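Coordinates as given in my_file_26.cif (mmCIF, C-alpha atoms):
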data_target
loop_
_atom_site.label_atom_id
_atom_site.label_comp_id
_atom_site.auth_asym_id
_atom_site.auth_seq_id
_atom_site.Cartn_x
_atom_site.Cartn_y
_atom_site.Cartn_z
CA MET A 244 -22.28 73.56 -24.57
CA ILE A 245 -23.82 70.42 -23.07
CA LEU A 246 -25.62 69.62 -26.33
CA THR A 247 -22.39 70.13 -28.27
CA SER A 248 -20.51 67.79 -25.93
CA LEU A 249 -23.24 65.14 -26.26
CA LEU A 250 -23.07 65.46 -30.04
CA LEU A 251 -19.29 64.88 -30.01
CA VAL A 252 -19.74 61.82 -27.79
CA LEU A 253 -22.42 60.48 -30.15
CA LEU A 254 -20.11 60.98 -33.14
CA ALA A 255 -17.35 59.08 -31.32
CA VAL A 256 -19.75 56.20 -30.55
CA LEU A 257 -20.80 56.10 -34.21
CA GLY A 258 -17.17 55.64 -35.26
CA ALA A 259 -15.94 59.13 -36.16
CA PRO A 260 -12.10 59.37 -36.09
CA LEU A 261 -10.86 60.25 -32.63
CA PHE A 262 -8.55 63.03 -33.88
CA ALA A 263 -11.58 64.68 -35.50
CA ILE A 264 -13.53 64.55 -32.22
CA ILE A 265 -10.59 65.97 -30.23
CA GLY A 266 -9.96 68.65 -32.86
CA ALA A 267 -13.60 69.67 -32.96
CA GLY A 268 -13.65 69.95 -29.18
CA ALA A 269 -10.53 72.13 -29.21
CA LEU A 270 -11.92 74.38 -31.97
CA LEU A 271 -15.22 74.83 -30.15
CA GLY A 272 -13.45 75.57 -26.89
CA PHE A 273 -11.13 78.16 -28.43
CA SER A 274 -13.97 79.80 -30.35
CA ARG A 275 -16.06 80.17 -27.19
CA ALA A 276 -13.06 81.69 -25.41
CA ASP A 277 -12.51 84.18 -28.28
CA VAL A 278 -9.07 82.72 -29.03
CA ASP A 279 -7.72 82.95 -32.56
CA LEU A 280 -8.26 79.50 -34.16
CA THR A 281 -4.81 79.66 -35.77
CA ALA A 282 -3.60 78.44 -32.35
CA VAL A 283 -4.75 74.93 -33.24
CA PRO A 284 -2.62 74.38 -36.40
CA ILE A 285 0.28 76.09 -34.63
CA GLU A 286 0.06 73.46 -31.88
CA ILE A 287 -0.27 70.63 -34.41
CA PHE A 288 2.83 71.67 -36.37
CA GLY A 289 4.61 72.44 -33.11
CA ILE A 290 5.18 68.74 -32.47
CA ALA A 291 7.69 68.81 -35.34
CA GLU A 292 10.04 70.53 -32.91
CA THR A 293 10.11 67.42 -30.70
CA PRO A 294 13.18 65.39 -31.77
CA ILE A 295 12.09 62.29 -29.86
CA LEU A 296 9.13 61.90 -32.24
CA LEU A 297 11.56 60.49 -34.79
CA ALA A 298 11.61 57.30 -32.74
CA ILE A 299 7.91 56.58 -33.27
CA PRO A 300 7.89 56.00 -37.08
CA LEU A 301 11.28 54.27 -36.98
CA PHE A 302 10.40 51.77 -34.24
CA THR A 303 6.96 51.18 -35.78
CA PHE A 304 8.45 50.44 -39.20
CA ALA A 305 11.05 48.08 -37.71
CA GLY A 306 8.31 46.24 -35.82
CA TYR A 307 6.25 45.80 -38.98
CA VAL A 308 9.26 44.40 -40.85
CA LEU A 309 9.93 41.91 -38.05
CA SER A 310 6.29 40.80 -38.03
CA GLU A 311 6.50 40.11 -41.78
CA SER A 312 9.53 37.84 -41.37
CA ARG A 313 9.89 34.49 -39.63
CA ALA A 314 11.50 36.17 -36.62
CA ALA A 315 8.61 35.05 -34.40
CA ALA A 316 9.14 31.38 -35.33
CA ARG A 317 12.87 31.60 -34.62
CA LEU A 318 12.23 33.32 -31.29
CA VAL A 319 9.77 30.62 -30.25
CA ARG A 320 12.18 27.81 -31.21
CA LEU A 321 15.09 29.39 -29.32
CA SER A 322 13.01 30.01 -26.21
CA ALA A 323 11.67 26.45 -26.32
CA ALA A 324 15.19 25.06 -26.61
CA LEU A 325 16.40 27.08 -23.61
CA ILE A 326 13.52 26.73 -21.15
CA GLY A 327 11.09 24.28 -22.73
CA TRP A 328 12.41 21.45 -20.53
CA LEU A 329 11.34 23.18 -17.29
CA PRO A 330 8.01 22.35 -15.60
CA GLY A 331 5.55 24.47 -17.53
CA GLY A 332 8.43 25.33 -19.84
CA LEU A 333 6.48 25.67 -23.08
CA ALA A 334 3.95 27.91 -21.33
CA MET A 335 6.85 30.03 -20.05
CA VAL A 336 8.13 30.19 -23.63
CA ALA A 337 4.79 31.75 -24.60
CA VAL A 338 5.12 34.38 -21.87
CA ALA A 339 8.73 35.27 -22.74
CA THR A 340 8.38 35.37 -26.52
CA CYS A 341 5.11 37.30 -26.50
CA SER A 342 6.60 39.91 -24.14
CA LEU A 343 9.70 40.45 -26.24
CA PHE A 344 7.79 40.50 -29.52
CA THR A 345 5.23 43.01 -28.20
CA ALA A 346 8.01 45.30 -26.97
CA PHE A 347 9.48 45.54 -30.47
CA THR A 348 6.28 45.53 -32.53
CA GLY A 349 4.42 47.89 -30.16
CA GLY A 350 1.09 46.05 -30.48
CA SER A 351 -0.30 43.15 -28.51
CA GLY A 352 -2.75 42.33 -31.30
CA VAL A 353 0.13 41.75 -33.71
CA THR A 354 1.70 39.40 -31.17
CA ILE A 355 -1.46 37.31 -30.75
CA ILE A 356 -1.78 36.93 -34.51
CA ALA A 357 1.91 36.30 -35.27
CA ILE A 358 3.10 34.21 -32.32
CA GLY A 359 -0.24 32.80 -31.23
CA ALA A 360 -0.47 30.89 -34.49
CA LEU A 361 2.78 29.11 -33.58
CA LEU A 362 2.20 28.58 -29.86
CA PHE A 363 -1.46 27.59 -29.77
CA PRO A 364 -1.10 24.24 -31.60
CA ALA A 365 2.23 23.54 -29.88
CA LEU A 366 0.72 23.98 -26.41
CA ILE A 367 -2.28 21.81 -27.30
CA GLN A 368 0.04 19.10 -28.64
CA ALA A 369 2.09 19.26 -25.43
CA GLY A 370 -1.00 18.35 -23.42
CA TYR A 371 -2.23 21.72 -22.16
CA GLY A 372 -5.98 22.22 -22.05
CA GLU A 373 -7.57 24.33 -24.75
CA ARG A 374 -9.00 26.84 -22.27
CA PHE A 375 -5.66 27.28 -20.50
CA THR A 376 -3.87 27.70 -23.84
CA LEU A 377 -6.40 30.21 -25.12
CA GLY A 378 -6.16 32.29 -21.93
CA LEU A 379 -2.35 32.13 -21.86
CA VAL A 380 -1.82 33.27 -25.45
CA THR A 381 -4.42 36.05 -25.16
CA SER A 382 -3.06 37.44 -21.88
CA SER A 383 0.62 37.07 -22.81
CA GLY A 384 -0.02 39.20 -25.89
CA SER A 385 -0.66 42.13 -23.55
CA LEU A 386 2.77 41.94 -21.94
CA GLY A 387 5.90 43.73 -23.11
CA LEU A 388 4.64 47.32 -23.27
CA LEU A 389 6.77 48.24 -20.23
CA PHE A 390 10.03 47.32 -21.99
CA ALA A 391 12.02 49.51 -24.36
CA PRO A 392 11.39 50.47 -27.10
CA SER A 393 7.75 50.72 -25.97
CA LEU A 394 5.79 53.27 -28.04
CA PRO A 395 3.28 53.96 -25.22
CA LEU A 396 6.13 54.91 -22.87
CA ILE A 397 7.61 57.19 -25.53
CA ILE A 398 4.26 58.94 -26.04
CA TYR A 399 3.69 59.23 -22.29
CA GLY A 400 7.13 60.82 -21.92
CA ILE A 401 6.33 63.38 -24.63
CA ILE A 402 2.95 64.30 -23.14
CA ALA A 403 4.10 64.35 -19.51
CA GLU A 404 7.47 65.95 -20.35
CA VAL A 405 9.26 63.16 -18.49
CA SER A 406 12.60 61.61 -19.46
CA ILE A 407 11.88 58.67 -21.75
CA ASP A 408 15.15 57.03 -20.73
CA SER A 409 13.93 57.16 -17.11
CA LEU A 410 10.63 55.56 -18.14
CA PHE A 411 12.46 52.74 -19.93
CA VAL A 412 14.59 52.08 -16.85
CA ALA A 413 11.57 52.29 -14.55
CA GLY A 414 9.68 49.71 -16.62
CA ILE A 415 12.29 46.95 -16.26
CA VAL A 416 11.35 45.53 -12.85
CA PRO A 417 7.55 45.97 -13.19
CA GLY A 418 7.66 44.34 -16.63
CA ILE A 419 9.67 41.40 -15.33
CA LEU A 420 7.31 41.11 -12.35
CA MET A 421 4.28 40.75 -14.63
CA MET A 422 6.09 38.12 -16.68
CA LEU A 423 7.14 36.20 -13.55
CA ALA A 424 3.58 36.30 -12.21
CA LEU A 425 2.27 34.52 -15.30
CA ALA A 426 5.28 32.19 -15.42
CA ALA A 427 4.67 31.17 -11.79
CA PHE A 428 1.04 30.38 -12.62
CA CYS A 429 2.20 28.28 -15.58
CA LEU A 430 4.59 26.40 -13.27
CA TRP A 431 1.84 25.75 -10.74
CA HIS A 432 -0.60 24.67 -13.45
CA ASN A 433 1.93 22.26 -14.94
CA ARG A 434 2.68 20.63 -11.57
CA ALA A 435 -0.97 20.39 -10.63
CA ASN A 436 -1.74 18.57 -13.87
CA ARG A 437 1.56 16.65 -14.13
CA ARG A 438 2.37 17.70 -17.65
CA PRO A 439 5.13 15.67 -19.31
CA LEU A 440 8.43 17.53 -19.63
CA SER A 441 10.53 17.70 -22.77
CA GLU A 442 14.22 16.85 -22.60
CA PHE A 443 16.95 19.46 -22.76
CA SER A 444 19.12 19.11 -25.86
CA TRP A 445 22.34 20.98 -26.53
CA THR A 446 21.96 20.05 -30.19
CA GLU A 447 18.60 21.81 -30.37
CA VAL A 448 19.99 24.84 -28.53
CA ARG A 449 22.91 25.13 -30.96
CA THR A 450 20.58 24.74 -33.95
CA ALA A 451 18.15 27.36 -32.63
CA VAL A 452 20.97 29.80 -31.84
CA ARG A 453 22.53 29.29 -35.27
CA GLU A 454 19.14 29.87 -36.91
CA ALA A 455 18.52 33.12 -35.01
CA ILE A 456 22.15 34.25 -34.79
CA TRP A 457 21.59 37.49 -36.73
CA GLU A 458 18.55 38.57 -34.70
CA LEU A 459 19.96 37.80 -31.26
CA PRO A 460 22.19 40.93 -31.10
CA LEU A 461 19.20 43.23 -31.79
CA PRO A 462 17.73 43.43 -28.26
CA VAL A 463 21.22 43.44 -26.73
CA VAL A 464 22.47 46.34 -28.85
CA VAL A 465 19.27 48.40 -28.80
CA LEU A 466 18.15 47.84 -25.21
CA GLY A 467 21.71 47.85 -23.89
CA GLY A 468 22.40 51.09 -25.74
CA ILE A 469 19.27 52.76 -24.34
CA TYR A 470 19.61 51.53 -20.76
CA SER A 471 23.32 52.34 -20.61
CA GLY A 472 22.78 55.82 -22.01
CA TYR A 473 25.07 55.16 -24.98
CA PHE A 474 22.20 55.71 -27.45
CA ALA A 475 19.52 58.35 -27.32
CA VAL A 476 16.09 56.85 -28.02
CA SER A 477 15.92 58.36 -31.52
CA GLU A 478 19.43 57.08 -32.29
CA ALA A 479 18.47 53.60 -31.05
CA ALA A 480 15.44 53.70 -33.36
CA ALA A 481 17.62 54.51 -36.37
CA VAL A 482 20.05 51.71 -35.49
CA THR A 483 17.12 49.30 -35.12
CA VAL A 484 15.73 50.11 -38.58
CA VAL A 485 19.07 49.76 -40.33
CA TYR A 486 19.87 46.49 -38.55
CA VAL A 487 16.42 44.97 -39.17
CA LEU A 488 16.50 45.89 -42.86
CA VAL A 489 19.96 44.40 -43.35
CA VAL A 490 19.06 41.17 -41.53
CA GLU A 491 15.58 40.56 -42.96
CA LEU A 492 16.15 41.81 -46.52
CA LEU A 493 19.76 40.92 -47.23
CA ILE A 494 20.67 38.04 -44.91
CA TYR A 495 17.48 36.03 -44.31
CA ARG A 496 15.79 37.43 -47.43
CA GLU A 497 12.34 36.79 -45.97
CA VAL A 498 11.03 40.27 -46.80
CA SER A 499 11.23 41.21 -50.46
CA LEU A 500 11.83 44.69 -51.83
CA ASN A 501 8.44 44.50 -53.55
CA ARG A 502 6.75 43.89 -50.18
CA LEU A 503 8.69 46.70 -48.50
CA ALA A 504 6.57 49.44 -50.06
CA ALA A 505 3.39 47.93 -48.59
CA ILE A 506 5.05 47.61 -45.17
CA VAL A 507 6.05 51.29 -45.28
CA ARG A 508 2.50 52.27 -46.20
CA ASP A 509 0.84 50.15 -43.50
CA SER A 510 3.22 51.24 -40.75
CA MET A 511 3.05 54.93 -41.66
CA VAL A 512 -0.76 54.87 -41.68
CA LEU A 513 -0.56 53.87 -38.02
CA VAL A 514 2.10 56.50 -37.32
CA GLY A 515 0.05 59.18 -39.08
CA GLY A 516 -2.91 58.38 -36.87
CA ILE A 517 -0.77 58.58 -33.73
CA LEU A 518 0.79 61.91 -34.73
CA LEU A 519 -2.55 63.44 -35.70
CA ILE A 520 -4.08 62.48 -32.36
CA LEU A 521 -0.97 63.68 -30.52
CA GLY A 522 -0.78 67.01 -32.35
CA ILE A 523 -4.47 67.87 -31.98
CA SER A 524 -4.49 66.75 -28.36
CA LEU A 525 -1.80 69.34 -27.59
CA ALA A 526 -4.18 72.05 -28.74
CA SER A 527 -6.99 70.48 -26.75
CA THR A 528 -4.77 70.24 -23.68
CA ASN A 529 -3.84 73.90 -23.87
CA TYR A 530 -7.51 74.81 -24.05
CA MET A 531 -8.25 72.67 -20.97
CA ILE A 532 -5.40 74.40 -19.13
CA ASP A 533 -6.75 77.83 -20.12
CA ALA A 534 -10.23 76.76 -18.99
CA GLN A 535 -8.72 75.52 -15.68
CA VAL A 536 -10.13 72.02 -16.19
CA PRO A 537 -7.24 70.33 -14.28
CA GLN A 538 -7.79 72.63 -11.29
CA GLN A 539 -11.50 71.86 -11.30
CA LEU A 540 -10.75 68.15 -11.51
CA ILE A 541 -8.32 68.41 -8.57
CA GLU A 542 -10.98 70.15 -6.50
CA LEU A 543 -13.56 67.51 -7.39
CA VAL A 544 -11.30 64.54 -6.63
CA THR A 545 -9.86 65.93 -3.40
CA ARG A 546 -13.38 66.63 -2.17
CA TYR A 547 -14.22 62.91 -2.19
CA VAL A 548 -10.83 61.17 -2.07
CA SER A 549 -8.82 61.78 1.06
CA SER A 550 -5.71 59.59 0.70
CA GLN A 551 -3.15 58.51 -1.87
CA THR A 552 -4.25 54.87 -1.47
CA SER A 553 -7.86 55.69 -2.32
CA PHE A 554 -6.76 57.78 -5.29
CA LEU A 555 -4.57 54.99 -6.68
CA LEU A 556 -7.34 52.41 -6.34
CA LEU A 557 -9.75 54.75 -8.10
CA LEU A 558 -7.12 55.41 -10.79
CA ILE A 559 -6.64 51.69 -11.48
CA CYS A 560 -10.39 51.12 -11.84
CA PHE A 561 -10.68 54.14 -14.14
CA LEU A 562 -7.73 53.12 -16.33
CA MET A 563 -8.99 49.55 -16.69
CA LEU A 564 -12.32 50.88 -17.88
CA ILE A 565 -10.66 53.32 -20.29
CA GLY A 566 -8.28 50.58 -21.47
CA CYS A 567 -11.10 48.35 -22.68
CA ILE A 568 -12.84 51.22 -24.50
CA LEU A 569 -9.98 53.19 -26.09
CA HIS A 570 -6.73 52.23 -27.79
CA ILE A 571 -3.76 52.94 -25.53
CA PHE A 572 -2.47 55.77 -27.76
CA SER A 573 -5.82 57.55 -27.66
CA ALA A 574 -6.11 57.05 -23.91
CA LEU A 575 -2.64 58.50 -23.35
CA VAL A 576 -3.33 61.78 -25.11
CA LEU A 577 -6.79 62.17 -23.58
CA VAL A 578 -6.20 61.12 -19.98
CA VAL A 579 -2.57 61.87 -19.09
CA PRO A 580 -2.86 65.71 -19.23
CA LEU A 581 -5.77 65.52 -16.79
CA MET A 582 -4.28 62.89 -14.48
CA LEU A 583 -0.81 64.42 -14.07
CA PRO A 584 -1.78 67.41 -11.89
CA VAL A 585 -4.23 65.31 -9.86
CA ALA A 586 -1.61 62.61 -9.24
CA ALA A 587 0.92 65.29 -8.25
CA GLN A 588 -1.59 66.52 -5.67
CA TYR A 589 -1.40 63.10 -4.02
CA GLY A 590 2.40 62.86 -4.24
CA VAL A 591 2.59 60.30 -7.07
CA ASP A 592 5.88 60.50 -8.99
CA PRO A 593 5.23 61.20 -12.73
CA VAL A 594 7.57 58.38 -13.78
CA HIS A 595 5.77 55.97 -11.45
CA LEU A 596 2.44 57.23 -12.81
CA GLY A 597 3.58 56.38 -16.35
CA ILE A 598 4.38 52.80 -15.36
CA ILE A 599 1.03 52.46 -13.56
CA PHE A 600 -0.75 53.88 -16.60
CA VAL A 601 0.79 51.51 -19.15
CA ALA A 602 0.63 48.43 -16.90
CA THR A 603 -3.05 49.01 -16.13
CA MET A 604 -3.90 49.71 -19.76
CA GLU A 605 -2.47 46.27 -20.55
CA LEU A 606 -5.16 44.85 -18.28
CA GLY A 607 -7.80 46.90 -20.08
CA TYR A 608 -7.10 44.89 -23.23
CA LEU A 609 -8.32 41.79 -21.34
CA LEU A 610 -11.29 43.27 -19.49
CA PRO A 611 -14.66 41.79 -20.51
CA PRO A 612 -16.80 42.43 -22.36
CA ILE A 613 -15.06 44.79 -24.82
CA GLY A 614 -11.32 44.37 -24.24
CA LEU A 615 -9.56 44.60 -27.63
CA ASN A 616 -7.41 41.47 -27.23
CA LEU A 617 -10.47 39.36 -26.45
CA TYR A 618 -11.88 40.08 -29.89
CA ILE A 619 -8.55 39.70 -31.68
CA SER A 620 -8.07 36.31 -30.03
CA SER A 621 -11.67 35.30 -30.76
CA TYR A 622 -11.17 36.14 -34.44
CA ARG A 623 -7.71 34.53 -34.70
CA PHE A 624 -8.60 31.23 -33.01
CA ARG A 625 -12.25 31.14 -34.08
CA ARG A 626 -13.63 30.87 -30.58
CA PRO A 627 -16.67 32.65 -29.10
CA VAL A 628 -15.80 35.86 -27.26
CA LEU A 629 -17.45 34.54 -24.07
CA GLU A 630 -15.17 31.49 -24.16
CA VAL A 631 -12.12 33.73 -24.56
CA CYS A 632 -13.30 35.90 -21.64
CA LEU A 633 -13.65 32.90 -19.32
CA ALA A 634 -10.29 31.48 -20.42
CA THR A 635 -8.52 34.79 -19.83
CA LEU A 636 -10.11 35.58 -16.45
CA PRO A 637 -7.61 33.75 -14.15
CA PHE A 638 -4.65 35.27 -16.02
CA MET A 639 -6.18 38.74 -15.79
CA LEU A 640 -6.65 38.34 -12.01
CA ILE A 641 -2.99 37.33 -11.62
CA LEU A 642 -1.86 40.34 -13.67
CA LEU A 643 -4.18 42.57 -11.62
CA GLY A 644 -2.35 41.41 -8.49
CA ALA A 645 0.96 42.32 -10.15
CA VAL A 646 -0.40 45.76 -11.11
CA LEU A 647 -1.54 46.41 -7.54
CA LEU A 648 1.94 45.48 -6.30
CA ILE A 649 3.55 47.79 -8.86
CA THR A 650 1.17 50.59 -7.89
CA PHE A 651 1.59 50.44 -4.12
CA VAL A 652 5.32 49.67 -4.07
CA PRO A 653 6.80 52.64 -5.99
CA SER A 654 10.35 51.42 -5.37
CA LEU A 655 9.77 48.68 -7.96
CA SER A 656 9.64 51.41 -10.60
CA LEU A 657 11.99 53.95 -9.08
CA MET A 658 14.73 51.82 -7.50
CA PHE A 659 17.22 52.39 -10.35
CA LEU A 660 16.43 56.09 -10.66
CA LYS A 661 17.31 57.20 -7.14
CA GLN A 662 20.78 58.63 -6.82
#

Represent the structure from my file as structure tokens, please.
Amino acid sequence: MILTSLLLVLLAVLGAPLFAIIGAGALLGFSRADVDLTAVPIEIFGIAETPILLAIPLFTFAGYVLSESRAAARLVRLSAALIGWLPGGLAMVAVATCSLFTAFTGGSGVTIIAIGALLFPALIQAGYGERFTLGLVTSSGSLGLLFAPSLPLIIYGIIAEVSIDSLFVAGIVPGILMMLALAAFCLWHNRANRRPLSEFSWTEVRTAVREAIWELPLPVVVLGGIYSGYFAVSEAAAVTVVYVLVVELLIYREVSLNRLAAIVRDSMVLVGGILLILGISLASTNYMIDAQVPQQLIELVTRYVSSQTSFLLLLICFLMLIGCILHIFSALVLVVPLMLPVAAQYGVDPVHLGIIFVATMELGYLLPPIGLNLYISSYRFRRPVLEVCLATLPFMLILLGAVLLITFVPSLSLMFLKQ
């Protein structure tokens, strides 16, 4: 059994698909337990009975369409017109636009590539240092995963069997807190270095609003519908797709019908990977439950960890390490089934745990030496990875402080959920 486990780990290191590793582990476990292997495909096809899964391909497709259009440029211009005149205003624009764009596209790497190309030269031209700009754009690309329609929160809700609407509501204050933490640092940095301020112009505001007039209702309708309970998540996803297609194909005409087929293909490849991992992980999770792995893990952790505070600190360290090794979707399906019963043992609310999980995984993207966003930023801006690591470090420490606050003040996540 040990040799088999080591072989699976070696295959994962060599680049074998994660769903194949998880599936092989589940098959081996079931075969050793004399369980009929038809249980695995039954579990895989069983996810088709989960209506909320409809939201994943729909939101992913809408995000890909938005990333193909000039929506990012319009969002940057509007944000700059509204808050660019403040001390550190352009840096705050980077924080706000990256967060919103990541929430809708579902990927921080997409944000760094799409919006970073617009903001990086603009920040340099405004007088910000290259290191500060590089760190800001890289770290801001990790924000936004706590806001609806966040795919990681949807997947966490499916795995943990927690209300996704509750997760979306719980993510509002922690998400804003992480944004404000970076914005405050930008404000302090601007004052310390006496950056020149741009002038506020109503003409520029009107022009920017007129340019983005068709995209402005999207977050209001979708997020307002979800948070108010008027839309179910899957219904909000369908509304988002229809609205985005009408705006980008028929009104702005920035995405052609010929390009649409390639967008569908690219987005559904990602969705297929997510669903395969999710389906196979359900079989793997059931095997771990049958083998009493969660109970053994609880016994192991409680033997050495005596308090909730110690457990949460250990959890943050563990999730940061996992976050820089695995993609967030893979980490969710592998770690959440094991962490849920252990966290319950220490009295951690499952909704609060979901917010901690996603917020900390955002930090994992920035953790040297193998955080994913470090390499995406290095490739996009043609800078050495070490330079990106050093530039990102102060931003990561600020976000770590915000994560610790979110973790140890549960009311930040749960304040709107208590009756």

Restricting the calculation to all atoms listed in the file, which member of A:Ala323, A:Ala645, A:Ile619, A:Val412 is positioned closest to Ser471 of chain A?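 Of A:Ala323, A:Ala645, A:Ile619, A:Val412, the one nearest Ser471 of chain A is A:Val412, counting all atoms listed in the file.
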
Fewer than 5 positions away in the same chain doesn't count, so skip those; otherwise give me all residues within 9 Å of Val476 of chain A, counting all atoms listed in the file, as a ChimeraX atom specification. /A:295,297-298,392,397,407-408,468-469,481

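Closest to Trp457 of chain A among A:Ile494, A:Ile506, A:Val482, A:Ala337 is A:Ile494, based on all atoms listed in the file.
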
Give me, as a PyMOL selection string, all polymer residues having an atom no more than 10 Å from Val578 of chain A, counting all atoms listed in the file and skipping those fewer than 5 positions away in the same chain. chain A and resi 528+562+565+573+583+600

Kindly list the centre and edge lengths in Å, rounded to one decimal, for the axis-aligned box that covers all listed atoms of segment 394-401 of chain A plus 6 Å on each of its six sides, as JSON.
{"center_x": 5.4, "center_y": 58.3, "center_z": -25.0, "size_x": 16.3, "size_y": 22.1, "size_z": 18.1}

Please evaluate the PyMOL selection byres ((chain A and resi 593) around 12) against the displayed coordinates and give the resulting residues as a ChimeraX atom specification. /A:396,399-400,402-407,409-410,413,579-580,582-592,594-600,653,656-657

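Distances from A:Pro462, A:Gly359, A:Gly644, A:Gly607 to Ala316 of chain A were compared using only C-alpha atoms, and the smallest one belongs to A:Gly359.
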
Expanded to explicit residues, what is the PyMOL selection byres ((chain A and resi 617) around 10) for this file, as an MDAnalysis selection string? chainID A and resid 352 378 381:382 567 608:616 618:623 626:632 634:635

C-alpha atoms of the current selection, written as a tab-separated table (two decimals), keeping the file's coordinate frame:
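Contents of the output file out30.tsv:
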chain	number	residue	atom	x	y	z
A	352	GLY	CA	-2.75	42.33	-31.30
A	378	GLY	CA	-6.16	32.29	-21.93
A	381	THR	CA	-4.42	36.05	-25.16
A	382	SER	CA	-3.06	37.44	-21.88
A	567	CYS	CA	-11.10	48.35	-22.68
A	608	TYR	CA	-7.10	44.89	-23.23
A	609	LEU	CA	-8.32	41.79	-21.34
A	610	LEU	CA	-11.29	43.27	-19.49
A	611	PRO	CA	-14.66	41.79	-20.51
A	612	PRO	CA	-16.80	42.43	-22.36
A	613	ILE	CA	-15.06	44.79	-24.82
A	614	GLY	CA	-11.32	44.37	-24.24
A	615	LEU	CA	-9.56	44.60	-27.63
A	616	ASN	CA	-7.41	41.47	-27.23
A	618	TYR	CA	-11.88	40.08	-29.89
A	619	ILE	CA	-8.55	39.70	-31.68
A	620	SER	CA	-8.07	36.31	-30.03
A	621	SER	CA	-11.67	35.30	-30.76
A	622	TYR	CA	-11.17	36.14	-34.44
A	623	ARG	CA	-7.71	34.53	-34.70
A	626	ARG	CA	-13.63	30.87	-30.58
A	627	PRO	CA	-16.67	32.65	-29.10
A	628	VAL	CA	-15.80	35.86	-27.26
A	629	LEU	CA	-17.45	34.54	-24.07
A	630	GLU	CA	-15.17	31.49	-24.16
A	631	VAL	CA	-12.12	33.73	-24.56
A	632	CYS	CA	-13.30	35.90	-21.64
A	634	ALA	CA	-10.29	31.48	-20.42
A	635	THR	CA	-8.52	34.79	-19.83

List the neighbours of Glu373 of chain A out to 10 Å using all atoms listed in the file; skip same-chain residues closer than 6 positions along the sequence, and give me the result as a list in words.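 These residues fall inside the cut-off: Phe363, Pro364, Leu366, Ile367, Leu379 and Ala634 of chain A.
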
Gap from atom CA of Gly384 of chain A to atom CA of Ala424 of chain A - Å, one decimal: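 Atom CA of Ala424 of chain A lies at a distance of 14.4 Å from atom CA of Gly384 of chain A.
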
Go through A:Leu569, A:Val484, A:Leu309, A:Met335 and flag the residue nearest Thr354 of chain A, using only C-alpha atoms for the distances.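 Closest candidate: A:Leu309.
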
Which distance in Å separates atom CA of Val487 of chain A and atom CA of Tyr470 of chain A, to one decimal? 19.8 Å

Do you know which residues are at most 10 Å from Ala602 of chain A counting only C-alpha atoms, after dropping those on the same chain fewer than 5 positions away, and could you put them as a list of chain:residue names? A:Ser385, A:Leu386, A:Gly387, A:Leu388, A:Leu389, A:Gly414, A:Pro417, A:Gly418, A:Met421, A:Ile559, A:Leu562, A:Met563, A:Leu596, A:Gly597, A:Gly607, A:Leu642, A:Leu643, A:Ala645, A:Val646, A:Leu647, A:Ile649, A:Thr650

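What the PyMOL selection byres ((chain A and resi 509) around 12) matches in the given file is Pro300, Thr303, Phe304, Ala305, Gly306, Tyr307, Val308, Glu311, Arg502, Leu503, Ala504, Ala505, Ile506, Val507, Arg508, Ser510, Met511, Val512, Leu513, Val514, Gly515 and Gly516 of chain A.
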
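Atom to atom, atom CA of Ser383 of chain A and atom CA of Ile356 of chain A stand 11.9 Å apart.
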
Residues within 12 Å of Pro460 of chain A, please, as a list of chain:residue names. Count only C-alpha atoms; anything in the same chain fewer than 3 positions from it doesn't count.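 That gives A:Val452, A:Ala455, A:Ile456, A:Trp457, A:Val463, A:Val464, A:Val465, A:Leu466, A:Gly467, A:Gly468, A:Val482, A:Thr483, A:Tyr486, A:Val487, A:Val490.
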
What would segment 295-302 of chain A look like with N, CA and C atoms in place, written as a PDB file, in the frame of the given file?
ATOM      1  N   ILE A 295      12.332  63.668 -30.262  1.00  0.00           N
ATOM      2  CA  ILE A 295      12.090  62.290 -29.860  1.00  0.00           C
ATOM      3  C   ILE A 295      11.010  61.634 -30.714  1.00  0.00           C
ATOM      4  N   LEU A 296      10.182  62.467 -31.402  1.00  0.00           N
ATOM      5  CA  LEU A 296       9.130  61.900 -32.240  1.00  0.00           C
ATOM      6  C   LEU A 296       9.688  61.074 -33.395  1.00  0.00           C
ATOM      7  N   LEU A 297      10.935  61.300 -33.740  1.00  0.00           N
ATOM      8  CA  LEU A 297      11.560  60.490 -34.790  1.00  0.00           C
ATOM      9  C   LEU A 297      11.541  59.008 -34.447  1.00  0.00           C
ATOM     10  N   ALA A 298      11.567  58.702 -33.160  1.00  0.00           N
ATOM     11  CA  ALA A 298      11.610  57.300 -32.740  1.00  0.00           C
ATOM     12  C   ALA A 298      10.319  56.570 -33.067  1.00  0.00           C
ATOM     13  N   ILE A 299       9.194  57.259 -33.081  1.00  0.00           N
ATOM     14  CA  ILE A 299       7.910  56.580 -33.270  1.00  0.00           C
ATOM     15  C   ILE A 299       7.795  55.937 -34.654  1.00  0.00           C
ATOM     16  N   PRO A 300       7.984  56.678 -35.773  1.00  0.00           N
ATOM     17  CA  PRO A 300       7.890  56.000 -37.080  1.00  0.00           C
ATOM     18  C   PRO A 300       8.994  54.967 -37.294  1.00  0.00           C
ATOM     19  N   LEU A 301      10.176  55.213 -36.762  1.00  0.00           N
ATOM     20  CA  LEU A 301      11.280  54.270 -36.980  1.00  0.00           C
ATOM     21  C   LEU A 301      11.030  52.944 -36.256  1.00  0.00           C
ATOM     22  N   PHE A 302      10.672  53.003 -34.974  1.00  0.00           N
ATOM     23  CA  PHE A 302      10.400  51.770 -34.240  1.00  0.00           C
ATOM     24  C   PHE A 302       9.175  51.041 -34.804  1.00  0.00           C
TER      25      PHE A 302
END
